[in-house]
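Undergrad: Let me give you the structure first, and then I'll get to my questions.
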Amino acid sequence: MAPSPQPRLAGKTALVTGASRGIGRSIALAFADQGAHLALTATNEQALQQVREEVLSRQVECTVLPADVTDAEAVADMFSSAAAWRGGLDILVNNAGVYVGGQFTDYSFADFDRLMKVNVYAVFQLMQLALGHMQPRGSGKIINVASTAGKWESPNQAAYNASKHAVVGLTRCAALENASRGINVNAICPGLVDTDMLQQFQVQADLLDISLDELKAAALGRVPMGRFLQPEEVAHIAVYLGSDESAGMTGQTITISGGMRMG
Ligand SMILES: NC(=O)c1ccc[n+]([C@@H]2O[C@H](COP(=O)([O-])OP(=O)(O)OC[C@H]3O[C@@H](n4cnc5c(N)ncnc54)[C@H](OP(=O)(O)O)[C@@H]3O)[C@@H](O)[C@H]2O)c1
């Protein structure tokens with residue numbers, strides 16, 4: 001009988017933001033399936049503890065470090081704890097994100113500010129902390145969850161669209177600066193994924209004067225595969241980007257969208 005292959009992330013330690021549900025939870029479980037130890041963060045501690053139980057059942061270690069990523073001091077403390085937990089971090093997954101729709105001319109400054117703090121400022125801060133930690137080690141992987149909205153146009157979501165374009169920009173800049181330092185920085189750009197975030201499309205539906213179900217049906221009409229993605233499908237790409245298999249890849253923005261966007 002052939003020996004079973006080594007898990008693809010065996011012995012690695014990863015910090016995953018937005019790990020309490022949706023895509024972040026799926027990334028945490030997929031990483032655990034491949035032998036990674038997990039530091040999990042989000043604001044909902046109870047939900048994080050549930051994910052921790054699921055991770056622990058996969059025979060890896062897991063710690064829960066609740067933090068609101070809009071609180072820079074809390075993020076700095078959380079990162080220090082994650083880095084100290086097992087003596088170093090190999091992988092950072094910047095996944096936490098929020099969606100607030102609205103027409104450009106009606107969009108409030110407060111909503112724009114709140115969304116940017118979660119989707120951009122926190123990503124910048126955690127990338128900066130991770131790079132400072134990884135550079136002396138001469139290795140590391142940073143994976144940012146952006147969106148197809150980070151590469152293409154999309155209506156009635158100016159802040160979200162701008163925030164995800166910013167994540168793509170941060171990814172490329174950090175990738176270039178760190179390519180010779182053994183650090184890979186890449187982004188995943190999902191299309192429509194079946195998570196709680198889709199409920200936030202209600203604002204879009206209201207703007208078009210249709211129901212949320214009608215809006216979802218219309219959105220699926222633009223997906224050649226005719227279905228929403230499952231969060232696990234995004235997690236598979238994160239495993240690849242976290243593993244040695246992607247050692248030669250940096251600054252990339254990998255699209256997974258059921259064919260909705262190509263390129
Ligand atoms: N679903 C999609 O169709 C889709 C498509 C493209 C890209 N994305 C991106 O994928 C990522 C994950 O989205 P999802 O679909 O899994 O959404 P989700 O189910 O709404 O999960 C969002 C995650 O972000 C965390 N979060 C939100 N605000 C936070 C804050 N202030 N501090 C700390 N954590 C915070 C949430 O945790 P708590 O509530 O516990 O704080 C939760 O774990 C996001 O960056 C999103 O923009 C999603």
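Going by the structure tokens order, chains are called A, B, ..., each with residues numbered from 1, while ligands are numbered from 1 in the order shown.
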Can you check which residues of stretch 107-175 of chain A DSSP gives as strand (DSSP E or B) on the backbone and send them as number ranges by chain?
TA: A: 140-145, 157
Undergrad: Now that the selection is made, can you save its residues with C-alpha atoms as a PDB file, in the first residue's frame?
TA:
ATOM      1  CA  GLY A 140       5.788  33.393   5.189  1.00  0.00           C
ATOM      2  CA  LYS A 141       2.515  33.447   3.273  1.00  0.00           C
ATOM      3  CA  ILE A 142      -0.057  36.208   3.245  1.00  0.00           C
ATOM      4  CA  ILE A 143      -3.416  35.449   1.675  1.00  0.00           C
ATOM      5  CA  ASN A 144      -5.951  38.257   1.269  1.00  0.00           C
ATOM      6  CA  VAL A 145      -9.579  37.513   0.474  1.00  0.00           C
ATOM      7  CA  GLN A 157     -21.402  49.259  -3.907  1.00  0.00           C
TER       8      GLN A 157
END
Undergrad: Compute the set of protein, DNA and RNA residues whose minimum atom distance to ligand 1 is at most 6 Å, using only C-alpha atoms and all ligand atoms, and state it as a ChimeraX atom specification.
TA: /A:18-24,42-44,67-70,95-98,118,145-147,190-198
Undergrad: Export, as a PDB file, in the first residue's frame, the selected residues with C-alpha atoms.
TA:
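Contents of selection_33.pdb, freshly written:
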ATOM      1  CA  GLY A  18     -13.218  36.442  10.100  1.00  0.00           C
ATOM      2  CA  ALA A  19     -13.017  32.794  11.169  1.00  0.00           C
ATOM      3  CA  SER A  20     -16.338  32.722  13.024  1.00  0.00           C
ATOM      4  CA  ARG A  21     -18.419  31.798   9.961  1.00  0.00           C
ATOM      5  CA  GLY A  22     -18.628  31.746   6.163  1.00  0.00           C
ATOM      6  CA  ILE A  23     -15.447  31.631   4.100  1.00  0.00           C
ATOM      7  CA  GLY A  24     -13.148  32.168   7.116  1.00  0.00           C
ATOM      8  CA  ALA A  42     -13.446  37.623  14.756  1.00  0.00           C
ATOM      9  CA  THR A  43     -15.735  39.491  17.176  1.00  0.00           C
ATOM     10  CA  ASN A  44     -18.207  36.680  17.986  1.00  0.00           C
ATOM     11  CA  ALA A  67     -10.851  41.118  18.367  1.00  0.00           C
ATOM     12  CA  ASP A  68     -12.680  43.827  16.469  1.00  0.00           C
ATOM     13  CA  VAL A  69     -10.429  44.544  13.509  1.00  0.00           C
ATOM     14  CA  THR A  70     -11.464  48.208  13.508  1.00  0.00           C
ATOM     15  CA  ASN A  95     -10.518  37.270   5.360  1.00  0.00           C
ATOM     16  CA  ALA A  96     -12.689  39.445   7.662  1.00  0.00           C
ATOM     17  CA  GLY A  97     -14.861  41.771   5.624  1.00  0.00           C
ATOM     18  CA  VAL A  98     -18.165  43.598   5.533  1.00  0.00           C
ATOM     19  CA  VAL A 118     -12.694  46.644   8.245  1.00  0.00           C
ATOM     20  CA  VAL A 145      -9.579  37.513   0.474  1.00  0.00           C
ATOM     21  CA  ALA A 146     -10.512  40.259  -1.994  1.00  0.00           C
ATOM     22  CA  SER A 147     -13.393  39.836  -4.476  1.00  0.00           C
ATOM     23  CA  PRO A 190     -14.384  35.145  -5.241  1.00  0.00           C
ATOM     24  CA  GLY A 191     -17.584  35.892  -7.105  1.00  0.00           C
ATOM     25  CA  LEU A 192     -20.879  35.005  -5.398  1.00  0.00           C
ATOM     26  CA  VAL A 193     -20.392  32.739  -2.392  1.00  0.00           C
ATOM     27  CA  ASP A 194     -23.257  31.284  -0.375  1.00  0.00           C
ATOM     28  CA  THR A 195     -22.644  32.905   3.037  1.00  0.00           C
ATOM     29  CA  ASP A 196     -24.404  35.331   5.395  1.00  0.00           C
ATOM     30  CA  MET A 197     -22.940  38.175   3.346  1.00  0.00           C
ATOM     31  CA  LEU A 198     -25.464  37.555   0.552  1.00  0.00           C
TER      32      LEU A 198
END
Undergrad: Identify, on the basis of only C-alpha atoms, every residue whose closest approach to A:Ala28 does not exceed 9 Å; exclude the query and any residue fewer than 6 positions from it along the same chain; express the result as a short mmCIF file (atom, residue, chain, number, x, y, z; two decimals) with C-alpha atoms, in the first residue's frame.
TA:
data_model
loop_
_atom_site.label_atom_id
_atom_site.label_comp_id
_atom_site.auth_asym_id
_atom_site.auth_seq_id
_atom_site.Cartn_x
_atom_site.Cartn_y
_atom_site.Cartn_z
CA ALA A 14 -1.89 30.18 10.57
CA LEU A 15 -3.87 33.20 11.73
CA VAL A 16 -7.30 33.46 10.07
CA ALA A 19 -13.02 32.79 11.17
CA ALA A 36 -2.12 23.46 10.20
CA LEU A 38 -4.95 27.67 13.87
CA ALA A 39 -5.26 31.02 15.62
CA LEU A 40 -8.80 32.20 14.95
CA VAL A 51 -15.22 26.61 15.08
CA ARG A 52 -12.39 25.82 17.52
CA VAL A 55 -10.74 22.41 14.34
CA ALA A 235 -10.89 27.46 1.01
#
